[in-house]
Every structure is written in C-alpha cells, then in structure tokens.
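Enquirer: This is the content of work-v4.cif (mmCIF, C-alpha atoms):
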```
data_protein
#
loop_
_atom_site.label_atom_id
_atom_site.label_comp_id
_atom_site.auth_asym_id
_atom_site.auth_seq_id
_atom_site.Cartn_x
_atom_site.Cartn_y
_atom_site.Cartn_z
CA MET A 1 -93.30 -223.66 39.19
CA THR A 2 -92.69 -221.00 36.61
CA ASP A 3 -93.35 -217.29 36.73
CA GLN A 4 -94.59 -216.84 33.18
CA GLY A 5 -97.57 -214.75 34.26
CA ASN A 6 -95.30 -212.20 35.96
CA SER A 7 -92.36 -212.17 33.57
CA ARG A 8 -91.61 -209.12 31.49
CA ALA A 9 -91.83 -209.36 27.70
CA GLY A 10 -88.68 -210.67 26.07
CA ARG A 11 -87.19 -212.15 29.26
CA ARG A 12 -86.90 -215.81 30.06
CA PRO A 13 -88.81 -216.43 33.29
CA ILE A 14 -86.79 -217.22 36.39
CA THR A 15 -87.73 -220.65 37.63
CA SER A 16 -85.41 -221.36 40.50
CA ARG A 17 -84.44 -219.94 43.85
CA ALA A 18 -80.76 -220.23 42.84
CA GLU A 19 -81.27 -217.97 39.82
CA VAL A 20 -82.89 -215.31 41.99
CA GLU A 21 -79.97 -215.62 44.43
CA HIS A 22 -77.44 -215.24 41.63
CA ALA A 23 -79.16 -212.10 40.35
CA ALA A 24 -79.16 -210.70 43.89
CA PHE A 25 -75.49 -211.55 44.49
CA GLU A 26 -74.53 -209.74 41.28
CA LEU A 27 -76.38 -206.63 42.47
CA PHE A 28 -74.89 -206.85 45.96
CA ALA A 29 -71.40 -206.99 44.41
CA ARG A 30 -72.12 -203.97 42.18
CA GLN A 31 -74.09 -201.66 44.45
CA GLY A 32 -73.67 -203.10 47.94
CA PHE A 33 -76.12 -205.01 50.11
CA GLU A 34 -77.59 -201.94 51.81
CA ARG A 35 -78.28 -200.04 48.59
CA THR A 36 -79.90 -202.98 46.81
CA THR A 37 -83.69 -203.17 47.21
CA VAL A 38 -86.08 -206.06 46.78
CA ASP A 39 -87.47 -204.23 43.74
CA ASP A 40 -83.96 -204.07 42.24
CA ILE A 41 -83.54 -207.82 42.71
CA ALA A 42 -86.96 -208.66 41.30
CA GLN A 43 -86.28 -206.50 38.25
CA ALA A 44 -82.82 -208.03 37.67
CA ALA A 45 -84.31 -211.52 38.02
CA GLY A 46 -87.19 -210.74 35.67
CA ILE A 47 -89.86 -211.54 38.24
CA GLY A 48 -92.51 -209.58 40.09
CA ARG A 49 -92.15 -208.39 43.67
CA ARG A 50 -94.81 -210.87 44.87
CA THR A 51 -92.93 -213.72 43.23
CA PHE A 52 -89.73 -212.64 44.97
CA PHE A 53 -91.50 -213.09 48.32
CA ARG A 54 -92.54 -216.62 47.33
CA TYR A 55 -88.85 -217.46 47.19
CA PHE A 56 -87.61 -215.43 50.17
CA PRO A 57 -89.35 -213.86 53.19
CA SER A 58 -86.92 -210.90 53.08
CA LYS A 59 -83.79 -209.57 51.42
CA ASN A 60 -81.78 -210.80 54.42
CA ASP A 61 -82.87 -214.38 53.73
CA ILE A 62 -81.27 -214.43 50.27
CA ALA A 63 -77.83 -214.93 51.75
CA TRP A 64 -79.03 -218.05 53.56
CA GLY A 65 -80.46 -219.88 50.54
CA ASP A 66 -82.65 -222.84 51.49
CA PHE A 67 -81.41 -222.84 55.08
CA ASP A 68 -84.66 -224.22 56.52
CA GLY A 69 -84.67 -227.12 54.06
CA GLU A 70 -81.04 -227.89 54.85
CA LEU A 71 -81.77 -227.81 58.60
CA LYS A 72 -84.57 -230.35 58.12
CA ARG A 73 -82.19 -232.53 56.15
CA MET A 74 -79.56 -232.28 58.91
CA ARG A 75 -82.12 -233.15 61.59
CA LYS A 76 -83.13 -236.24 59.61
CA GLN A 77 -79.51 -237.23 59.04
CA LEU A 78 -78.68 -236.93 62.74
CA ALA A 79 -81.76 -238.95 63.70
CA GLY A 80 -80.62 -241.71 61.34
CA TYR A 81 -77.28 -242.37 63.07
CA PRO A 82 -77.33 -245.64 65.01
CA PRO A 83 -76.37 -245.37 68.69
CA ASP A 84 -73.04 -247.16 68.10
CA VAL A 85 -71.74 -244.29 65.92
CA PRO A 86 -69.63 -242.16 68.28
CA LEU A 87 -71.17 -238.77 69.02
CA VAL A 88 -68.19 -236.80 67.74
CA ASP A 89 -68.17 -238.76 64.45
CA ALA A 90 -71.88 -238.14 63.91
CA ILE A 91 -71.45 -234.42 64.58
CA ARG A 92 -68.42 -234.15 62.28
CA GLU A 93 -70.13 -236.02 59.43
CA ALA A 94 -73.32 -233.96 59.79
CA LEU A 95 -71.32 -230.71 59.85
CA VAL A 96 -69.43 -231.61 56.68
CA ASP A 97 -72.57 -232.82 54.92
CA PHE A 98 -74.58 -229.71 55.88
CA ASN A 99 -71.90 -227.54 54.29
CA ARG A 100 -71.31 -229.69 51.21
CA ILE A 101 -71.84 -227.75 47.99
CA ASP A 102 -72.02 -228.61 44.33
CA PRO A 103 -68.65 -227.56 42.83
CA ARG A 104 -70.53 -225.53 40.20
CA GLU A 105 -72.10 -223.49 43.02
CA ALA A 106 -68.80 -222.88 44.85
CA PRO A 107 -68.25 -219.34 43.48
CA TRP A 108 -71.80 -218.38 44.48
CA HIS A 109 -71.42 -220.03 47.89
CA ARG A 110 -68.21 -218.06 48.40
CA ARG A 111 -70.17 -214.85 47.72
CA ARG A 112 -72.89 -216.04 50.10
CA MET A 113 -70.46 -216.63 52.94
CA GLU A 114 -68.55 -213.39 52.35
CA LEU A 115 -71.87 -211.58 52.58
CA ILE A 116 -72.94 -213.38 55.77
CA LEU A 117 -69.60 -212.94 57.50
CA THR A 118 -68.84 -209.35 56.47
CA THR A 119 -72.14 -207.47 56.13
CA PRO A 120 -73.11 -205.64 59.34
CA ALA A 121 -76.79 -205.51 58.32
CA LEU A 122 -76.87 -209.31 58.26
CA GLN A 123 -75.30 -209.88 61.67
CA ALA A 124 -78.56 -209.82 63.67
CA HIS A 125 -80.20 -212.11 61.13
CA SER A 126 -77.18 -214.40 61.27
CA THR A 127 -77.54 -214.69 65.04
CA LEU A 128 -81.07 -216.04 64.60
CA ARG A 129 -79.96 -218.53 61.95
CA TYR A 130 -77.04 -219.72 64.04
CA ALA A 131 -79.40 -220.26 66.98
CA GLU A 132 -81.68 -222.42 64.82
CA TRP A 133 -78.69 -224.47 63.65
CA ARG A 134 -77.35 -224.93 67.18
CA ARG A 135 -80.80 -225.96 68.39
CA VAL A 136 -80.95 -228.87 65.93
CA LEU A 137 -77.48 -230.01 66.96
CA ALA A 138 -78.09 -229.54 70.71
CA GLU A 139 -81.28 -231.62 70.54
CA PHE A 140 -79.37 -234.50 68.95
CA ILE A 141 -76.51 -234.20 71.45
CA ALA A 142 -78.95 -234.02 74.36
CA GLN A 143 -80.65 -237.21 73.24
CA ARG A 144 -77.29 -238.99 73.08
CA LEU A 145 -76.21 -237.64 76.47
CA GLU A 146 -79.66 -238.20 78.02
CA ALA A 147 -79.71 -234.57 79.12
CA PRO A 148 -82.04 -231.62 78.46
CA PRO A 149 -81.16 -229.76 75.23
CA GLU A 150 -80.76 -226.48 77.15
CA SER A 151 -78.27 -227.98 79.60
CA LEU A 152 -74.61 -227.01 79.47
CA ALA A 153 -73.04 -229.96 77.65
CA PRO A 154 -75.32 -229.99 74.56
CA GLN A 155 -75.16 -226.20 74.33
CA ALA A 156 -71.38 -226.03 74.73
CA ILE A 157 -70.80 -228.74 72.11
CA ALA A 158 -73.21 -227.06 69.67
CA TYR A 159 -71.50 -223.69 70.17
CA ALA A 160 -68.05 -225.26 69.72
CA THR A 161 -69.17 -226.97 66.51
CA LEU A 162 -70.49 -223.69 65.15
CA GLY A 163 -67.14 -222.13 66.04
CA VAL A 164 -65.35 -224.79 64.00
CA ALA A 165 -67.64 -224.09 61.05
CA LEU A 166 -67.05 -220.34 61.17
CA ALA A 167 -63.28 -220.76 61.51
CA ALA A 168 -63.26 -223.18 58.56
CA TYR A 169 -65.27 -220.74 56.45
CA GLU A 170 -62.92 -217.87 57.27
CA GLN A 171 -59.96 -220.02 56.16
CA TRP A 172 -61.83 -221.06 53.01
CA LEU A 173 -62.56 -217.45 52.10
CA ARG A 174 -58.93 -216.43 52.68
CA LEU A 175 -57.46 -219.34 50.73
CA PRO A 176 -59.12 -219.72 47.31
CA ASP A 177 -57.70 -223.21 46.72
CA ALA A 178 -58.68 -224.57 50.14
CA ASP A 179 -61.02 -227.54 50.38
CA LEU A 180 -64.04 -226.66 52.55
CA PRO A 181 -64.97 -230.24 53.58
CA GLY A 182 -61.30 -230.85 54.42
CA LEU A 183 -61.18 -227.73 56.60
CA LEU A 184 -64.38 -228.69 58.42
CA ASN A 185 -63.13 -232.25 58.97
CA ALA A 186 -59.75 -231.02 60.19
CA GLY A 187 -61.32 -228.42 62.47
CA MET A 188 -63.52 -231.00 64.17
CA ARG A 189 -60.62 -233.46 64.54
CA GLU A 190 -58.40 -230.74 66.02
CA LEU A 191 -61.14 -229.67 68.44
CA THR A 192 -61.68 -233.28 69.52
CA ALA A 193 -57.95 -233.83 69.99
CA ALA A 194 -57.56 -230.59 71.95
CA ILE A 195 -60.29 -231.42 74.45
CA GLY A 196 -59.77 -235.20 74.42
#
```
Could you write out this structure as structure tokens?
Expert:
Amino acid sequence: MTDQGNSRAGRRPITSRAEVEHAAFELFARQGFERTTVDDIAQAAGIGRRTFFRYFPSKNDIAWGDFDGELKRMRKQLAGYPPDVPLVDAIREALVDFNRIDPREAPWHRRRMELILTTPALQAHSTLRYAEWRRVLAEFIAQRLEAPPESLAPQAIAYATLGVALAAYEQWLRLPDADLPGLLNAGMRELTAAIG
C-alpha cells in the first residue's frame, strides 16, 4: 500500500512501517521523545496524519514496531512444538526467535530498545506490552503443565523469562559488540542451571 495520495510534492512516498519508525527515531534522537509530536513524525516521513495512524495507534506504539504481529508469530511457534520438546528448550528457542533481528535493522533496534528501557513516558505502555507477551508464554506453559494460565507456575516462569530478556537487552545496549541471541540463550541456560 502506498501513500501517493497523501504525499507532499517532490517527496518519495513512505511505503513501509519501518521507514516511518526510522523517521520517528531520528526525531526522538534530535528533539527527545516527549517533544516530538505525531505531526512532526508525519511531516518527517512525508505522510499525512491519517496515514500515520494506519501504521501506529499512537506515538507510544512506534517504539514497539509490529509487536502484535510478532506475538501472533510466537504463539504459532509455541503451538507447533511437539510434546517431546522439553519445556525449557521450547521457551528458550521461542525467546531467541522472538527477538531475532535482521542485522541491517540492528542499529534501529538498538534505538528502539534504548527508547523502551529509558523513556519514562513509555514505562506504562511497556507494562501493557510486557503483560501481553507474558500472557502468550503463560498460556503455552500452562498447557504443558496442565494448569490454569493464571496459576503460579506459568506466571512465575513467564515473569522469569521476561526478566532474562530484559537483562540480556541491558547487556546488549551496554556492550556494542555483544551478540543478542547469544545473550538470550546464555541467560536462559543460566536461569535453568540456577533453579535446576
């Protein structure tokens, strides 16, 4: 889908969510998240305000990219594991895969995660997103454990897995040469060893 009808004269129309994100991240870096408006982002991206809202429900959602699509993909991946795959292996593989990024997008993903982890205005929104992520994982764990998703074991494991992800991201942001999938893998293995 293109935005030729809404593009300004002389500008190539923006045709992807990623391009809108990139324009927004550049503005956030220059003027700060709080001071950047939706109108600023739309103008920088060369699209209309209405088109912006076709890509993202709000400015806060920009930092999360296609989070809903990725959650659906994770749910499908988890459902596809045969019962003989150990629970911890399925969780670790799904965690790494959910956070796998195209190397060309790594600098943008680094900006995304810095924004999510350091911007106070995004913290409440992050809490909602983390809850959605944990819900998908807890439902899979509950099915494996034959327990209700809201019971302690699925919830505790989902929270612990999120903790591993956040710790791995903090390391990745601190260490520019670090390998994110390696950190996620190592974090899950260390958690398993510590409680095993």
Enquirer: Please write the residues picked by the PyMOL selection byres ((chain A and resi 40-47) around 6) on this file as a PyMOL selection string.
Expert: chain A and resi 6-7+20+23-24+37-39+48-49
Enquirer: Any idea what's packed within 9 Å of Arg144 of chain A, counting all atoms listed in the file, ignoring anything in its chain fewer than 4 positions away? Could you give it as number ranges by chain?
Expert: A: 83, 87, 139-140
Enquirer: I'd like the residues picked by the PyMOL selection byres ((chain A and resi 180) around 9) written out as a PyMOL selection string, using the chain letters and numbers from the file.
Expert: chain A and resi 96+99-100+168-169+171-172+178-179+181-185
Enquirer: Draw an axis-aligned box over all listed atoms of segment 178-194 of chain A, pad each side with 3 Å, and write its centre and edge lengths in Å, one decimal, as AutoDock Vina command-line options.
Expert:
```
--center_x -61.3 --center_y -229.2 --center_z 61.0 --size_x 13.4 --size_y 15.3 --size_z 27.8
```
Enquirer: For the atom pair atom CA of Gln155 of chain A and atom CA of Pro120 of chain A, what is the interatomic distance in Å to one decimal place?
Expert: 25.5 Å
Enquirer: The residues within 12 Å of (-83.0, -226.3, 62.3), using only C-alpha atoms and the coordinates of the file, should be reported as a list in words; which are they?
Expert: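 Protein, DNA and RNA residues close to (-83.0, -226.3, 62.3): Asp66, Phe67, Asp68, Gly69, Glu70, Leu71, Lys72, Arg73, Met74, Arg75, Lys76, Gln77, Leu78, Phe98, Leu128, Arg129, Tyr130, Ala131, Glu132, Trp133, Arg134, Arg135, Val136, Leu137, Ala138, Glu139 and Phe140 of chain A.
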Enquirer: Which is closer to Phe33 of chain A than all the others in A:Leu166, A:Lys59, A:His109, A:Ile195, using only C-alpha atoms?
Expert: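 Looking only at the distances to Phe33 of chain A, the closest residue turns out to be A:Lys59.
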Enquirer: With the file shown as input, list the residues that the PyMOL selection byres ((chain A and resi 112) around 9) selects, as a short mmCIF file (atom, residue, chain, number, x, y, z; two decimals) with C-alpha atoms, in the coordinates of the input.
Expert:
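Saved file selection.cif follows:
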```
data_model
loop_
_atom_site.label_atom_id
_atom_site.label_comp_id
_atom_site.auth_asym_id
_atom_site.auth_seq_id
_atom_site.Cartn_x
_atom_site.Cartn_y
_atom_site.Cartn_z
CA PHE A 25 -75.49 -211.55 44.49
CA ILE A 62 -81.27 -214.43 50.27
CA ALA A 63 -77.83 -214.93 51.75
CA TRP A 64 -79.03 -218.05 53.56
CA GLY A 65 -80.46 -219.88 50.54
CA PRO A 107 -68.25 -219.34 43.48
CA TRP A 108 -71.80 -218.38 44.48
CA HIS A 109 -71.42 -220.03 47.89
CA ARG A 110 -68.21 -218.06 48.40
CA ARG A 111 -70.17 -214.85 47.72
CA MET A 113 -70.46 -216.63 52.94
CA GLU A 114 -68.55 -213.39 52.35
CA LEU A 115 -71.87 -211.58 52.58
CA ILE A 116 -72.94 -213.38 55.77
CA LEU A 117 -69.60 -212.94 57.50
#
```
Enquirer: May I ask which of the residues A:Arg174, A:Glu19, A:Ala160, A:Gln143 is the closest one to Ala194 of chain A, counting all atoms listed in the file?
Expert: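 With all atoms listed in the file as the atom set, the closest residue is A:Ala160.
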Enquirer: For a test of reading the model, state the distance in Å between atom CA of Val164 of chain A and atom CA of Glu21 of chain A, rounded to one decimal.
Expert: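 Between atom CA of Val164 of chain A and atom CA of Glu21 of chain A the gap works out to 26.1 Å.
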Enquirer: To one decimal in Å, tell me the separation between atom CA of Tyr81 of chain A and atom CA of Ala186 of chain A.
Expert: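 A separation of 21.1 Å between them.
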Enquirer: Which residue out of A:Ala158, A:Leu27, A:Val88, A:Ala124 has the minimum interatomic distance to Ala193 of chain A when only C-alpha atoms are used?
Expert: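 Of the candidates, the smallest distance to Ala193 of chain A is held by A:Val88.
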Enquirer: Taking into account all atoms listed in the file, which residue in the set A:Ile157, A:Ala18, A:Leu173, A:Leu162 is nearest to Thr192 of chain A?
Expert: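 Closest to Thr192 of chain A, using all atoms listed in the file: A:Ile157.
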Enquirer: Since the input is missing atoms for segment 16-37 of chain A, could you rebuild it with N, CA, C and O atoms and give the result as a compact mmCIF listing (two decimals), in the frame of the given file?
Expert:
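Generated output (part_1.txt):
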```
# COMPACT_ATOMS: atom_id res chain seq x y z
N SER A 16 -86.01 -220.73 39.33
CA SER A 16 -85.41 -221.36 40.50
C SER A 16 -84.94 -220.32 41.51
O SER A 16 -84.58 -219.20 41.16
N ARG A 17 -84.94 -220.75 42.74
CA ARG A 17 -84.44 -219.94 43.85
C ARG A 17 -82.98 -219.55 43.59
O ARG A 17 -82.58 -218.42 43.84
N ALA A 18 -82.19 -220.50 43.07
CA ALA A 18 -80.76 -220.23 42.84
C ALA A 18 -80.58 -219.10 41.84
O ALA A 18 -79.69 -218.26 42.00
N GLU A 19 -81.41 -219.04 40.81
CA GLU A 19 -81.27 -217.97 39.82
C GLU A 19 -81.59 -216.60 40.43
O GLU A 19 -80.95 -215.61 40.08
N VAL A 20 -82.57 -216.56 41.31
CA VAL A 20 -82.89 -215.31 41.99
C VAL A 20 -81.72 -214.91 42.89
O VAL A 20 -81.30 -213.74 42.92
N GLU A 21 -81.15 -215.89 43.60
CA GLU A 21 -79.97 -215.62 44.43
C GLU A 21 -78.83 -215.05 43.60
O GLU A 21 -78.21 -214.06 43.99
N HIS A 22 -78.56 -215.68 42.47
CA HIS A 22 -77.44 -215.24 41.63
C HIS A 22 -77.64 -213.80 41.16
O HIS A 22 -76.70 -213.00 41.18
N ALA A 23 -78.87 -213.48 40.76
CA ALA A 23 -79.16 -212.10 40.35
C ALA A 23 -78.92 -211.13 41.51
O ALA A 23 -78.35 -210.05 41.33
N ALA A 24 -79.34 -211.54 42.71
CA ALA A 24 -79.16 -210.70 43.89
C ALA A 24 -77.68 -210.53 44.22
O ALA A 24 -77.21 -209.42 44.49
N PHE A 25 -76.91 -211.63 44.17
CA PHE A 25 -75.49 -211.55 44.49
C PHE A 25 -74.75 -210.62 43.53
O PHE A 25 -73.84 -209.91 43.93
N GLU A 26 -75.15 -210.64 42.26
CA GLU A 26 -74.53 -209.74 41.28
C GLU A 26 -74.80 -208.28 41.66
O GLU A 26 -73.92 -207.44 41.60
N LEU A 27 -76.04 -208.00 42.05
CA LEU A 27 -76.38 -206.63 42.47
C LEU A 27 -75.65 -206.24 43.75
O LEU A 27 -75.17 -205.11 43.86
N PHE A 28 -75.59 -207.16 44.71
CA PHE A 28 -74.89 -206.85 45.96
C PHE A 28 -73.43 -206.50 45.68
O PHE A 28 -72.87 -205.60 46.30
N ALA A 29 -72.81 -207.24 44.75
CA ALA A 29 -71.40 -206.99 44.41
C ALA A 29 -71.24 -205.62 43.74
O ALA A 29 -70.25 -204.92 44.00
N ARG A 30 -72.21 -205.24 42.92
CA ARG A 30 -72.12 -203.97 42.18
C ARG A 30 -72.49 -202.76 43.02
O ARG A 30 -71.82 -201.73 42.98
N GLN A 31 -73.59 -202.86 43.77
CA GLN A 31 -74.09 -201.66 44.45
C GLN A 31 -74.09 -201.76 45.96
O GLN A 31 -74.43 -200.80 46.64
N GLY A 32 -73.69 -202.91 46.49
CA GLY A 32 -73.67 -203.10 47.94
C GLY A 32 -75.00 -203.66 48.44
O GLY A 32 -76.05 -203.45 47.83
N PHE A 33 -74.92 -204.38 49.55
CA PHE A 33 -76.12 -205.01 50.11
C PHE A 33 -77.14 -203.97 50.54
O PHE A 33 -78.33 -204.07 50.23
N GLU A 34 -76.68 -202.95 51.25
CA GLU A 34 -77.59 -201.94 51.81
C GLU A 34 -78.34 -201.18 50.73
O GLU A 34 -79.52 -200.87 50.89
N ARG A 35 -77.66 -200.87 49.63
CA ARG A 35 -78.28 -200.04 48.59
C ARG A 35 -79.14 -200.85 47.60
O ARG A 35 -79.79 -200.26 46.75
N THR A 36 -79.10 -202.15 47.71
CA THR A 36 -79.90 -202.98 46.81
C THR A 36 -81.27 -203.24 47.43
O THR A 36 -81.35 -203.68 48.58
N THR A 37 -82.33 -202.96 46.68
CA THR A 37 -83.69 -203.17 47.21
C THR A 37 -84.27 -204.47 46.66
O THR A 37 -83.78 -205.03 45.67
```
